[in-house]
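As provided, input-v6.cif (mmCIF, C-alpha atoms and all ligand atoms) reads as follows.
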data_protein
#
loop_
_atom_site.label_atom_id
_atom_site.label_comp_id
_atom_site.auth_asym_id
_atom_site.auth_seq_id
_atom_site.Cartn_x
_atom_site.Cartn_y
_atom_site.Cartn_z
CA MET A 9 15.49 17.51 10.97
CA LYS A 10 12.21 18.30 9.29
CA ALA A 11 9.43 15.70 9.34
CA ASN A 12 5.77 15.35 8.49
CA VAL A 13 4.05 14.82 11.82
CA TRP A 14 0.53 13.54 12.62
CA HIS A 15 -1.52 15.62 15.04
CA GLY A 16 -4.99 14.24 14.55
CA LYS A 17 -7.58 13.60 11.89
CA GLY A 18 -6.81 15.79 8.88
CA ASP A 19 -4.00 17.53 10.76
CA MET A 20 -0.46 16.98 9.45
CA ARG A 21 2.31 19.45 10.19
CA ILE A 22 5.89 19.91 9.12
CA GLU A 23 7.94 20.19 12.27
CA ARG A 24 11.52 20.21 13.49
CA VAL A 25 12.18 16.99 15.41
CA PRO A 26 15.37 15.37 16.74
CA ASP A 27 17.50 13.53 14.17
CA PRO A 28 17.25 9.74 14.52
CA SER A 29 20.26 7.83 15.78
CA ILE A 30 21.50 4.24 15.78
CA LEU A 31 19.88 2.33 18.64
CA ASN A 32 20.87 -1.23 17.74
CA PRO A 33 23.88 -2.68 15.91
CA ARG A 34 21.70 -3.78 12.98
CA ASP A 35 20.29 -0.25 12.44
CA ALA A 36 21.23 2.19 9.72
CA ILE A 37 20.37 5.85 9.21
CA VAL A 38 19.19 6.90 5.79
CA LYS A 39 19.21 10.45 4.45
CA ILE A 40 16.00 10.50 2.47
CA THR A 41 16.07 11.72 -1.12
CA SER A 42 12.52 10.73 -2.14
CA THR A 43 9.43 9.72 -0.21
CA ALA A 44 5.80 9.22 -1.21
CA ILE A 45 2.28 9.29 0.16
CA CYS A 46 0.42 5.98 0.04
CA GLY A 47 -3.29 5.21 0.02
CA SER A 48 -2.63 3.57 3.39
CA ASP A 49 -1.51 6.96 4.77
CA LEU A 50 -4.98 8.26 4.00
CA HIS A 51 -6.43 5.83 6.54
CA LEU A 52 -4.23 7.55 9.16
CA TYR A 53 -5.04 11.00 7.81
CA ASN A 54 -8.75 10.30 7.98
CA GLY A 55 -8.48 8.98 11.53
CA TYR A 56 -9.45 5.36 10.92
CA VAL A 57 -6.36 3.72 12.39
CA PRO A 58 -6.32 3.49 16.19
CA THR A 59 -3.23 4.02 18.39
CA MET A 60 -1.87 7.02 16.49
CA GLU A 61 -0.39 9.65 18.80
CA ALA A 62 0.14 13.35 18.24
CA GLY A 63 3.79 13.75 17.24
CA ASP A 64 4.07 10.50 15.24
CA ILE A 65 6.23 10.85 12.13
CA LEU A 66 4.44 9.52 9.06
CA GLY A 67 5.55 7.78 5.89
CA HIS A 68 6.54 4.29 4.80
CA GLU A 69 7.61 4.68 1.17
CA PHE A 70 11.12 6.11 1.11
CA MET A 71 14.66 5.79 -0.21
CA GLY A 72 17.93 7.60 0.10
CA GLU A 73 21.58 7.41 1.00
CA LEU A 74 23.02 5.70 4.07
CA VAL A 75 24.82 8.16 6.33
CA GLU A 76 25.49 5.80 9.25
CA VAL A 77 25.45 2.02 9.66
CA GLY A 78 25.45 -0.01 12.86
CA SER A 79 28.39 -2.27 13.74
CA ALA A 80 26.50 -5.47 12.80
CA VAL A 81 25.59 -4.31 9.30
CA LYS A 82 28.25 -5.82 7.04
CA ASN A 83 26.57 -5.81 3.64
CA LEU A 84 25.84 -2.07 3.37
CA HIS A 85 28.09 0.94 3.75
CA VAL A 86 27.87 4.66 4.29
CA GLY A 87 27.16 6.28 0.93
CA ASP A 88 25.10 3.35 -0.45
CA ARG A 89 21.87 4.30 -2.17
CA VAL A 90 18.98 2.14 -0.93
CA VAL A 91 15.24 1.61 -1.18
CA VAL A 92 13.67 0.66 2.16
CA PRO A 93 10.76 -1.85 2.36
CA PHE A 94 7.80 -0.58 4.39
CA THR A 95 7.56 -3.81 6.36
CA ILE A 96 10.17 -4.15 9.07
CA ALA A 97 11.47 -7.71 9.32
CA CYS A 98 14.27 -9.45 11.21
CA GLY A 99 15.17 -11.89 8.45
CA HIS A 100 15.58 -14.91 10.71
CA CYS A 101 12.33 -15.80 12.49
CA PHE A 102 9.82 -18.52 11.54
CA PHE A 103 7.97 -16.20 9.14
CA CYS A 104 11.01 -14.41 7.69
CA GLU A 105 12.51 -17.81 6.82
CA ARG A 106 9.29 -18.54 4.91
CA HIS A 107 9.65 -15.17 3.13
CA GLU A 108 6.48 -13.94 4.83
CA HIS A 109 8.20 -10.79 6.01
CA SER A 110 5.08 -8.79 6.85
CA LEU A 111 4.43 -11.39 9.55
CA CYS A 112 7.87 -11.10 11.19
CA GLU A 113 7.65 -12.18 14.83
CA ASN A 114 10.39 -9.89 16.10
CA SER A 115 9.80 -6.45 14.64
CA ASN A 116 6.70 -5.26 16.50
CA PRO A 117 7.61 -4.13 20.02
CA ASN A 118 3.91 -3.42 20.62
CA ALA A 119 2.78 -6.89 19.60
CA TRP A 120 0.48 -7.01 22.64
CA MET A 121 -1.66 -4.21 21.17
CA ALA A 122 -2.06 -6.02 17.87
CA GLU A 123 -2.78 -9.30 19.67
CA LYS A 124 -5.64 -7.65 21.54
CA MET A 125 -7.16 -6.41 18.31
CA TRP A 126 -6.34 -9.18 15.83
CA GLY A 127 -5.47 -12.24 17.92
CA HIS A 128 -1.86 -12.32 16.69
CA SER A 129 0.54 -9.58 15.68
CA PRO A 130 1.97 -8.92 12.22
CA ALA A 131 5.34 -7.22 11.61
CA GLY A 132 6.24 -3.66 12.48
CA VAL A 133 5.68 -0.99 9.82
CA PHE A 134 7.29 2.44 9.43
CA GLY A 135 5.10 5.39 10.37
CA TYR A 136 1.95 3.39 10.84
CA SER A 137 0.54 3.72 14.36
CA HIS A 138 1.67 2.20 17.64
CA LEU A 139 -0.25 -0.97 16.90
CA THR A 140 2.42 -1.83 14.33
CA GLY A 141 5.38 -0.72 16.36
CA GLY A 142 5.26 3.06 16.69
CA TYR A 143 8.26 3.42 14.35
CA ALA A 144 9.09 6.89 13.05
CA GLY A 145 8.31 7.06 9.33
CA GLY A 146 10.09 8.27 6.24
CA GLN A 147 8.29 11.49 5.34
CA ALA A 148 11.27 13.21 6.88
CA GLN A 149 14.85 14.16 6.11
CA TYR A 150 16.28 11.10 7.89
CA ALA A 151 15.01 7.78 9.21
CA ARG A 152 16.33 4.97 11.36
CA VAL A 153 16.07 1.65 9.55
CA PRO A 154 16.05 -1.42 11.85
CA TYR A 155 17.42 -4.74 10.52
CA ALA A 156 19.20 -2.78 7.82
CA ASP A 157 21.28 -5.85 6.97
CA THR A 158 18.24 -7.71 5.59
CA GLY A 159 15.69 -5.11 4.48
CA PRO A 160 16.92 -2.35 2.20
CA ILE A 161 17.99 -3.08 -1.37
CA ARG A 162 21.05 -1.33 -2.78
CA ILE A 163 20.61 0.44 -6.09
CA ASP A 164 23.95 0.37 -7.84
CA ASP A 165 23.06 1.68 -11.24
CA GLU A 166 21.76 4.83 -12.78
CA LEU A 167 18.05 4.14 -12.28
CA ALA A 168 16.46 7.39 -11.08
CA ASP A 169 14.76 7.60 -7.68
CA GLU A 170 11.39 7.77 -9.41
CA GLN A 171 11.97 4.42 -11.16
CA VAL A 172 12.83 2.52 -7.97
CA LEU A 173 11.10 4.35 -5.09
CA PHE A 174 7.90 2.32 -5.42
CA LEU A 175 9.77 -0.92 -4.76
CA SER A 176 9.29 0.17 -1.14
CA ASP A 177 5.57 -0.67 -1.26
CA ILE A 178 3.07 -0.19 -4.06
CA LEU A 179 4.87 -2.03 -6.86
CA PRO A 180 5.36 -5.22 -4.81
CA THR A 181 1.85 -4.73 -3.42
CA GLY A 182 0.25 -4.68 -6.86
CA TYR A 183 2.42 -7.61 -7.88
CA MET A 184 1.60 -9.72 -4.82
CA ALA A 185 -2.09 -8.93 -5.31
CA ALA A 186 -1.91 -10.40 -8.82
CA GLU A 187 0.30 -13.28 -7.75
CA ASN A 188 -2.25 -14.15 -5.07
CA CYS A 189 -4.79 -14.73 -7.87
CA GLY A 190 -2.87 -17.91 -8.75
CA LEU A 191 -3.12 -17.26 -12.49
CA GLN A 192 -2.31 -20.16 -14.81
CA GLY A 193 -2.78 -18.20 -18.02
CA GLY A 194 -5.94 -17.15 -19.85
CA GLU A 195 -7.94 -15.78 -16.92
CA VAL A 196 -10.24 -12.77 -16.67
CA VAL A 197 -9.13 -10.58 -13.76
CA ALA A 198 -11.18 -7.70 -12.38
CA VAL A 199 -9.49 -4.99 -10.31
CA TRP A 200 -11.45 -2.59 -8.08
CA GLY A 201 -9.59 0.71 -7.60
CA CYS A 202 -7.38 2.41 -10.21
CA GLY A 203 -5.09 4.08 -7.69
CA PRO A 204 -1.38 3.26 -7.56
CA VAL A 205 -1.95 -0.24 -6.16
CA GLY A 206 -4.66 -0.96 -8.72
CA GLN A 207 -2.46 0.16 -11.63
CA PHE A 208 0.41 -2.13 -10.61
CA ALA A 209 -2.03 -4.97 -9.92
CA ILE A 210 -3.38 -4.65 -13.47
CA GLN A 211 0.09 -4.53 -15.01
CA SER A 212 1.21 -7.51 -12.92
CA ALA A 213 -1.88 -9.51 -13.89
CA TRP A 214 -0.85 -9.17 -17.56
CA LEU A 215 2.71 -10.26 -16.77
CA LEU A 216 1.41 -13.29 -14.87
CA GLY A 217 -0.80 -14.50 -17.70
CA ALA A 218 -4.20 -12.81 -17.57
CA GLU A 219 -6.10 -12.80 -20.86
CA ARG A 220 -8.40 -9.91 -19.94
CA VAL A 221 -8.16 -7.33 -17.19
CA ILE A 222 -11.15 -5.19 -16.25
CA ALA A 223 -10.53 -2.16 -14.01
CA ILE A 224 -13.11 -0.28 -11.93
CA ASP A 225 -13.09 3.26 -10.51
CA ARG A 226 -14.95 6.53 -10.97
CA PHE A 227 -12.25 9.15 -11.55
CA PRO A 228 -11.78 9.75 -15.30
CA GLU A 229 -8.02 10.34 -15.07
CA ARG A 230 -7.51 7.13 -13.12
CA LEU A 231 -9.71 5.16 -15.51
CA ALA A 232 -7.78 6.71 -18.41
CA MET A 233 -4.51 5.67 -16.81
CA ALA A 234 -5.88 2.15 -16.38
CA SER A 235 -6.80 1.93 -20.05
CA ASP A 236 -3.96 3.89 -21.70
CA TRP A 237 -1.04 2.90 -19.52
CA SER A 238 -2.12 -0.33 -17.83
CA ARG A 239 -4.12 -1.54 -20.89
CA ALA A 240 -7.24 -2.66 -19.02
CA GLU A 241 -10.87 -2.50 -20.09
CA THR A 242 -12.52 -0.03 -17.72
CA LEU A 243 -15.83 0.37 -15.93
CA ASP A 244 -17.09 3.47 -14.11
CA TYR A 245 -19.07 2.28 -11.09
CA GLU A 246 -21.12 5.47 -11.13
CA GLN A 247 -22.29 4.70 -14.66
CA VAL A 248 -22.97 0.97 -14.55
CA ASP A 249 -23.95 -1.72 -12.10
CA ILE A 250 -20.63 -3.49 -11.62
CA GLY A 251 -22.00 -6.93 -10.77
CA GLU A 252 -24.21 -6.90 -13.86
CA ALA A 253 -21.53 -5.47 -16.16
CA LEU A 254 -19.02 -8.11 -15.10
CA ARG A 255 -21.56 -10.89 -15.63
CA ASP A 256 -22.32 -9.54 -19.11
CA MET A 257 -18.64 -9.32 -20.00
CA THR A 258 -17.91 -12.89 -18.92
CA GLY A 259 -20.79 -14.83 -20.43
CA GLY A 260 -22.64 -14.82 -17.13
CA ARG A 261 -19.89 -16.60 -15.20
CA GLY A 262 -17.98 -13.76 -13.52
CA PRO A 263 -14.24 -12.98 -13.49
CA ASP A 264 -11.88 -15.83 -12.57
CA ALA A 265 -10.07 -13.61 -10.08
CA CYS A 266 -11.04 -10.35 -8.40
CA ILE A 267 -8.74 -7.88 -6.67
CA ASP A 268 -9.89 -5.39 -4.03
CA ALA A 269 -7.36 -2.55 -4.38
CA VAL A 270 -9.62 -0.11 -2.54
CA GLY A 271 -9.83 -1.20 1.08
CA MET A 272 -11.58 0.17 4.13
CA GLU A 273 -12.54 3.61 2.82
CA ALA A 274 -14.51 2.53 -0.21
CA HIS A 275 -16.77 5.14 -1.70
CA GLY A 276 -20.27 4.20 -2.67
CA THR A 277 -23.77 5.38 -3.32
CA GLY A 278 -27.07 3.91 -2.28
CA MET A 279 -28.45 2.37 0.85
CA MET A 280 -25.56 0.11 1.82
CA ALA A 281 -23.07 3.00 1.50
CA THR A 282 -25.16 5.14 3.84
CA TYR A 283 -25.51 2.19 6.21
CA ASP A 284 -21.70 1.80 6.33
CA ARG A 285 -21.09 5.51 6.80
CA ILE A 286 -23.47 5.72 9.74
CA LYS A 287 -22.18 2.55 11.37
CA GLN A 288 -18.59 3.73 10.92
CA MET A 289 -19.42 7.15 12.35
CA MET A 290 -21.07 5.53 15.38
CA ARG A 291 -18.07 3.21 15.70
CA LEU A 292 -20.26 0.13 15.22
CA GLU A 293 -17.97 -1.04 12.45
CA SER A 294 -14.46 0.20 11.78
CA ASP A 295 -14.34 -0.21 8.00
CA ARG A 296 -16.63 0.42 5.02
CA PRO A 297 -16.55 -2.87 3.12
CA MET A 298 -18.60 -1.77 0.08
CA VAL A 299 -16.03 -3.03 -2.36
CA LEU A 300 -15.22 -6.23 -0.52
CA ARG A 301 -18.88 -7.24 -0.62
CA GLU A 302 -19.08 -6.49 -4.32
CA VAL A 303 -15.85 -8.33 -5.06
CA LEU A 304 -16.99 -11.44 -3.18
CA ARG A 305 -20.33 -11.50 -4.97
CA SER A 306 -18.86 -10.82 -8.42
CA CYS A 307 -16.15 -13.45 -8.52
CA ARG A 308 -16.97 -16.62 -10.46
CA ASN A 309 -17.71 -19.87 -8.65
CA GLY A 310 -14.47 -21.40 -7.43
CA GLY A 311 -12.58 -18.20 -8.19
CA THR A 312 -9.97 -16.34 -6.18
CA VAL A 313 -10.42 -13.06 -4.37
CA SER A 314 -7.23 -11.17 -3.60
CA VAL A 315 -7.35 -8.30 -1.10
CA PRO A 316 -4.36 -5.92 -1.00
CA GLY A 317 -6.71 -3.13 0.16
CA VAL A 318 -6.17 -2.42 3.83
CA TYR A 319 -8.85 -3.31 6.38
CA GLY A 320 -8.45 -2.34 10.00
CA GLY A 321 -10.94 -4.05 12.20
CA LEU A 322 -14.50 -5.26 11.92
CA VAL A 323 -16.79 -5.24 8.92
CA ASP A 324 -20.49 -5.83 8.73
CA LYS A 325 -22.66 -7.84 6.37
CA LEU A 326 -19.84 -9.74 4.75
CA PRO A 327 -21.45 -12.32 2.41
CA MET A 328 -19.80 -15.35 3.97
CA GLY A 329 -22.50 -17.56 2.48
CA SER A 330 -21.32 -16.54 -0.96
CA VAL A 331 -17.71 -17.35 -0.10
CA MET A 332 -18.53 -20.77 1.34
CA ASN A 333 -21.23 -22.01 -0.99
CA ARG A 334 -19.40 -20.89 -4.10
CA SER A 335 -15.99 -22.29 -3.08
CA LEU A 336 -14.14 -18.98 -3.22
CA THR A 337 -10.50 -18.66 -2.16
CA LEU A 338 -9.56 -15.53 -0.24
CA LYS A 339 -5.94 -14.34 -0.26
CA THR A 340 -4.70 -11.20 1.43
CA GLY A 341 -1.98 -9.58 3.53
CA GLN A 342 0.34 -6.70 4.04
CA THR A 343 2.94 -7.16 1.33
CA HIS A 344 6.00 -9.33 1.98
CA VAL A 345 8.04 -6.58 0.34
CA GLN A 346 11.51 -8.04 1.01
CA ARG A 347 10.57 -11.10 -1.06
CA TYR A 348 9.90 -9.03 -4.18
CA LEU A 349 12.66 -6.40 -4.09
CA GLN A 350 15.27 -8.16 -6.22
CA PRO A 351 12.96 -9.76 -8.81
CA LEU A 352 10.97 -6.56 -9.28
CA LEU A 353 14.11 -4.41 -9.50
CA GLU A 354 15.14 -6.70 -12.36
CA ARG A 355 11.75 -6.28 -14.00
CA VAL A 356 12.10 -2.49 -13.74
CA ARG A 357 15.56 -2.74 -15.35
CA ARG A 358 14.13 -4.92 -18.14
CA GLY A 359 11.34 -2.43 -18.73
CA ASP A 360 8.46 -4.71 -17.65
CA PHE A 361 7.42 -1.84 -15.37
CA ASP A 362 7.95 1.91 -15.82
CA PRO A 363 6.93 3.01 -12.29
CA GLY A 364 7.88 6.67 -12.69
CA ARG A 365 4.95 7.15 -15.06
CA LEU A 366 2.58 6.89 -12.11
CA ILE A 367 3.78 10.17 -10.61
CA THR A 368 1.50 13.12 -11.20
CA HIS A 369 2.93 15.51 -8.57
CA ARG A 370 6.38 16.32 -7.17
CA MET A 371 6.56 18.65 -4.17
CA PRO A 372 8.94 19.65 -1.40
CA LEU A 373 8.36 17.89 1.94
CA ASP A 374 7.33 21.29 3.31
CA ASP A 375 4.14 21.00 1.25
CA ALA A 376 3.17 17.59 2.67
CA PRO A 377 0.00 18.87 4.39
CA GLU A 378 -1.22 20.29 1.07
CA ALA A 379 -0.13 17.12 -0.75
CA TYR A 380 -2.21 14.97 1.62
CA ARG A 381 -5.27 17.11 1.00
CA MET A 382 -4.81 16.86 -2.73
CA PHE A 383 -4.24 13.11 -2.72
CA ARG A 384 -7.20 12.50 -0.40
CA ASP A 385 -9.55 14.56 -2.56
CA LYS A 386 -8.05 13.20 -5.80
CA ALA A 387 -7.81 16.89 -6.72
CA ASP A 388 -5.85 18.22 -9.70
CA GLY A 389 -5.75 14.73 -11.26
CA CYS A 390 -3.52 13.55 -8.43
CA VAL A 391 -2.62 9.86 -8.58
CA LYS A 392 0.74 9.78 -6.82
CA VAL A 393 2.79 12.44 -5.04
CA VAL A 394 6.53 12.24 -4.47
CA LEU A 395 7.90 14.50 -1.74
CA LYS A 396 11.46 15.82 -1.78
CA PRO A 397 12.78 16.34 1.78
CA TRP A 398 15.71 18.55 0.77
CA LEU A 399 13.91 20.79 -1.70
CA HIS A 400 12.63 24.17 -0.58
P1 LIG B 1 -5.89 5.34 -3.57
O1 LIG B 1 -6.70 5.99 -2.53
O2 LIG B 1 -5.04 6.20 -4.45
O3 LIG B 1 -6.81 4.47 -4.54
C1 LIG B 1 -8.04 3.90 -4.16
C2 LIG B 1 -8.94 3.95 -5.39
O4 LIG B 1 -10.14 3.25 -5.09
C3 LIG B 1 -9.37 5.37 -5.76
O5 LIG B 1 -9.00 5.63 -7.10
C4 LIG B 1 -10.88 5.35 -5.56
O6 LIG B 1 -11.58 6.18 -6.47
C5 LIG B 1 -11.19 3.89 -5.76
N1 LIG B 1 -12.50 3.49 -5.21
C6 LIG B 1 -13.13 3.97 -4.10
N2 LIG B 1 -14.34 3.39 -3.97
C7 LIG B 1 -14.46 2.51 -5.01
C8 LIG B 1 -15.49 1.62 -5.43
N3 LIG B 1 -16.65 1.52 -4.74
N4 LIG B 1 -15.28 0.86 -6.55
C9 LIG B 1 -14.12 0.97 -7.26
N5 LIG B 1 -13.13 1.82 -6.91
C10 LIG B 1 -13.29 2.56 -5.80
O7 LIG B 1 -4.99 4.25 -2.80
P2 LIG B 1 -3.81 3.24 -3.24
O8 LIG B 1 -2.51 3.85 -2.85
O9 LIG B 1 -3.98 2.75 -4.62
O10 LIG B 1 -4.10 2.07 -2.21
C11 LIG B 1 -5.24 1.26 -2.36
C12 LIG B 1 -5.45 0.37 -1.15
O11 LIG B 1 -4.32 -0.50 -1.00
C13 LIG B 1 -5.55 1.14 0.18
O12 LIG B 1 -6.49 0.51 1.02
C14 LIG B 1 -4.18 0.98 0.78
O13 LIG B 1 -4.21 1.09 2.18
C15 LIG B 1 -3.85 -0.42 0.34
N6 LIG B 1 -2.43 -0.78 0.39
C16 LIG B 1 -2.13 -2.01 0.87
C17 LIG B 1 -0.84 -2.44 0.94
C18 LIG B 1 -0.53 -3.82 1.43
O14 LIG B 1 0.59 -4.10 1.86
N7 LIG B 1 -1.46 -4.75 1.37
C19 LIG B 1 0.19 -1.60 0.51
C20 LIG B 1 -0.14 -0.34 -0.02
C21 LIG B 1 -1.46 0.05 -0.07
ZN ZN B 2 1.70 1.90 1.65
ZN ZN B 3 11.38 -11.99 11.33
#

Please express what this file holds, its structure, as structure tokens.
Ligand code: NAD
Ligand code: ZN
Ligand code: ZN
Amino acid sequence: MKANVWHGKGDMRIERVPDPSILNPRDAIVKITSTAICGSDLHLYNGYVPTMEAGDILGHEFMGELVEVGSAVKNLHVGDRVVVPFTIACGHCFFCERHEHSLCENSNPNAWMAEKMWGHSPAGVFGYSHLTGGYAGGQAQYARVPYADTGPIRIDDELADEQVLFLSDILPTGYMAAENCGLQGGEVVAVWGCGPVGQFAIQSAWLLGAERVIAIDRFPERLAMASDWSRAETLDYEQVDIGEALRDMTGGRGPDACIDAVGMEAHGTGMMATYDRIKQMMRLESDRPMVLREVLRSCRNGGTVSVPGVYGGLVDKLPMGSVMNRSLTLKTGQTHVQRYLQPLLERVRRGDFDPGRLITHRMPLDDAPEAYRMFRDKADGCVKVVLKPWLH
């Protein structure tokens, strides 16, 4: 089959690789009809995630049709159309029973690597380094899906791929980010990053009761999307001082909840940004926590900071004094996708979300290397690319 394969920083190639096959009775093989590139893939592309190996198949947002199911999979059948969650989870361990699927204790065969780095291991993830399992990803024509009897959700109706594909990751991620804010109704929520995760975080914040949502980015088309589609007030961090602007907009108090939908590759100007770039280059810190610092300082006293943005390792100059002295709550995590599949599918059906509107580019899988470049550089107004593995 054809697959998008990692060969090093900035080096993705479309290659012919062996078709996947059933290894365990709970596996299934999916023939992929749509797959997408995620902001998290950029961290791999830019070389910031350790334990990638040349030849690794990328991709963790995918859906398609089952062409083979293992003998223990009773609830799905060949021919079923499914969306596959990016987090791989067994469905029965301590964490899966608590619906904390991204912490599954059984799905990361390389748990020892993660334990060395993070103390304990989270779940396995498709196409996301050997640290999280070394699983082949879904930017390919086929993929093997472990624990197929608990993960994938069957799509029975006429909803197009583009309406349901993002259930695999970014829609639940935006939703969980807003849910983690613990909104009671009437809050001011600020969201850093108007990428795909930011857009769904904004839209979810409205659904969960926010009274005002303020969105921050620098790209005009993303800010426009945040105001026109996601209905947020917007701030361009290259035009205004964000901390000051947020204070002004909230009577000096700060937003009740703040969401970091940017993560470890935050862009910035000024001394701290240069400091982070140099330290990251010299491998003295693994991530650039520009946004995280700003988020922590901006949130109101006693407020909640929600971090869907991915961080990999160690960050420097984190204002822990601000967190402690001002009674902030910090909530974060890889998304427990399985938990949100059914309720969010229903919300898509009801029209609470119209996920297809996020897509700015559709390309054949063959063009994945070009698509990565475009998405990384935010070129050509690119917000989200969907790749078609069977299109030429
Ligand atoms: P993206 O790259 O499309 O969007 C990031 C946005 O952040 C860009 O629009 C960029 O301009 C903006 N940005 C950069 N620096 C900024 C700053 N200083 N202030 C404000 N905005 C700034 O990526 P995405 O797909 O939306 O993903 C966003 C983050 O969420 C990534 O870190 C990704 O890895 C993470 N993610 C996490 C999960 C999860 O399970 N927790 C799932 C998917 C994605
Ligand atoms: Zn992702
Ligand atoms: Zn589990």

Residues of chain A at most 9 Å from ligand ZN 3 (chain B): nearest atom pair and distance in Å, only C-alpha atoms and all ligand atoms, as a tab-separated table:
residue	atom	partner	partner_atom	distance
A:Ile96	CA	B:ZN3	ZN	8.2
A:Ala97	CA	B:ZN3	ZN	4.7
A:Cys98	CA	B:ZN3	ZN	3.8
A:Gly99	CA	B:ZN3	ZN	4.8
A:His100	CA	B:ZN3	ZN	5.2
A:Cys101	CA	B:ZN3	ZN	4.1
A:Phe102	CA	B:ZN3	ZN	6.7
A:Phe103	CA	B:ZN3	ZN	5.8
A:Cys104	CA	B:ZN3	ZN	4.4
A:Glu105	CA	B:ZN3	ZN	7.4
A:His107	CA	B:ZN3	ZN	9.0
A:Glu108	CA	B:ZN3	ZN	8.4
A:His109	CA	B:ZN3	ZN	6.3
A:Ser110	CA	B:ZN3	ZN	8.4
A:Leu111	CA	B:ZN3	ZN	7.2
A:Cys112	CA	B:ZN3	ZN	3.6
A:Glu113	CA	B:ZN3	ZN	5.1
A:Asn114	CA	B:ZN3	ZN	5.3
A:Ser115	CA	B:ZN3	ZN	6.6
A:Ala131	CA	B:ZN3	ZN	7.7

Save the residues we just selected, C-alpha atoms, as a short mmCIF file (atom, residue, chain, number, x, y, z; two decimals), keeping the file's coordinate frame?
data_model
loop_
_atom_site.label_atom_id
_atom_site.label_comp_id
_atom_site.auth_asym_id
_atom_site.auth_seq_id
_atom_site.Cartn_x
_atom_site.Cartn_y
_atom_site.Cartn_z
CA ILE A 96 10.17 -4.15 9.07
CA ALA A 97 11.47 -7.71 9.32
CA CYS A 98 14.27 -9.45 11.21
CA GLY A 99 15.17 -11.89 8.45
CA HIS A 100 15.58 -14.91 10.71
CA CYS A 101 12.33 -15.80 12.49
CA PHE A 102 9.82 -18.52 11.54
CA PHE A 103 7.97 -16.20 9.14
CA CYS A 104 11.01 -14.41 7.69
CA GLU A 105 12.51 -17.81 6.82
CA HIS A 107 9.65 -15.17 3.13
CA GLU A 108 6.48 -13.94 4.83
CA HIS A 109 8.20 -10.79 6.01
CA SER A 110 5.08 -8.79 6.85
CA LEU A 111 4.43 -11.39 9.55
CA CYS A 112 7.87 -11.10 11.19
CA GLU A 113 7.65 -12.18 14.83
CA ASN A 114 10.39 -9.89 16.10
CA SER A 115 9.80 -6.45 14.64
CA ALA A 131 5.34 -7.22 11.61
#

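Neighbours of ligand ZN 2 (chain B) at a cut-off of 6 Å, computed so that all atoms listed in the file are counted, are the residues Cys46, Ser48 and Asp177 of chain A.
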
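Distances here use only C-alpha atoms and all ligand atoms; by that measure, the residue among A:Leu292, A:Met184, A:Val196, A:Ile65 closest to ligand LIG 1 (chain B) is A:Met184.
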
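Contact shell of A:Gln192 at 9 Å (only C-alpha atoms; same-chain neighbours under 3 positions omitted): Glu195, Leu216, Gly217 and Ala218 of chain A.
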
Could you give me, as a tab-separated table, every chain A residue with an atom at most 6 Å from ligand LIG 1 (chain B), plus its closest atom pair and distance in Å to one decimal, counting all atoms listed in the file, rows ordered by chain then number?
residue	atom	partner	partner_atom	distance
A:Cys46	CA	B:LIG1	O8	4.6
A:Gly47	CA	B:LIG1	O8	3.3
A:Ser48	CA	B:LIG1	O13	3.2
A:Asp177	CA	B:LIG1	C19	5.7
A:Ile178	CA	B:LIG1	C20	5.2
A:Thr181	CA	B:LIG1	C19	5.3
A:Trp200	CA	B:LIG1	C9	4.5
A:Gly201	CA	B:LIG1	O4	3.6
A:Cys202	CA	B:LIG1	O5	4.8
A:Gly203	CA	B:LIG1	O9	3.5
A:Pro204	CA	B:LIG1	O9	4.0
A:Val205	CA	B:LIG1	O9	3.9
A:Gly206	CA	B:LIG1	O9	5.6
A:Ile224	CA	B:LIG1	C9	4.9
A:Asp225	CA	B:LIG1	N5	3.9
A:Arg226	CA	B:LIG1	O6	5.6
A:Phe227	CA	B:LIG1	O6	5.9
A:Ala269	CA	B:LIG1	C12	4.8
A:Val270	CA	B:LIG1	O4	4.2
A:Gly271	CA	B:LIG1	O12	3.8
A:Met272	CA	B:LIG1	O12	6.0
A:Ala274	CA	B:LIG1	N2	3.9
A:His275	CA	B:LIG1	N2	3.8
A:Gly276	CA	B:LIG1	N3	5.0
A:Val299	CA	B:LIG1	N3	5.2
A:Pro316	CA	B:LIG1	N7	3.9
A:Gly317	CA	B:LIG1	O11	3.7
A:Val318	CA	B:LIG1	O12	4.1
A:Gly341	CA	B:LIG1	N7	5.3
A:Gln342	CA	B:LIG1	O14	3.4
A:Thr343	CA	B:LIG1	O14	3.9

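Among the candidates A:Gly18, A:Pro263, A:Pro372, A:Gly145, the residue lying nearest to A:Gly251 is A:Pro263 (atoms considered: only C-alpha atoms).
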
Check: What is the atom CA of A:Arg220-atom CA of A:Ala186 distance in Å, reported with one decimal?
Finding: 12.9 Å
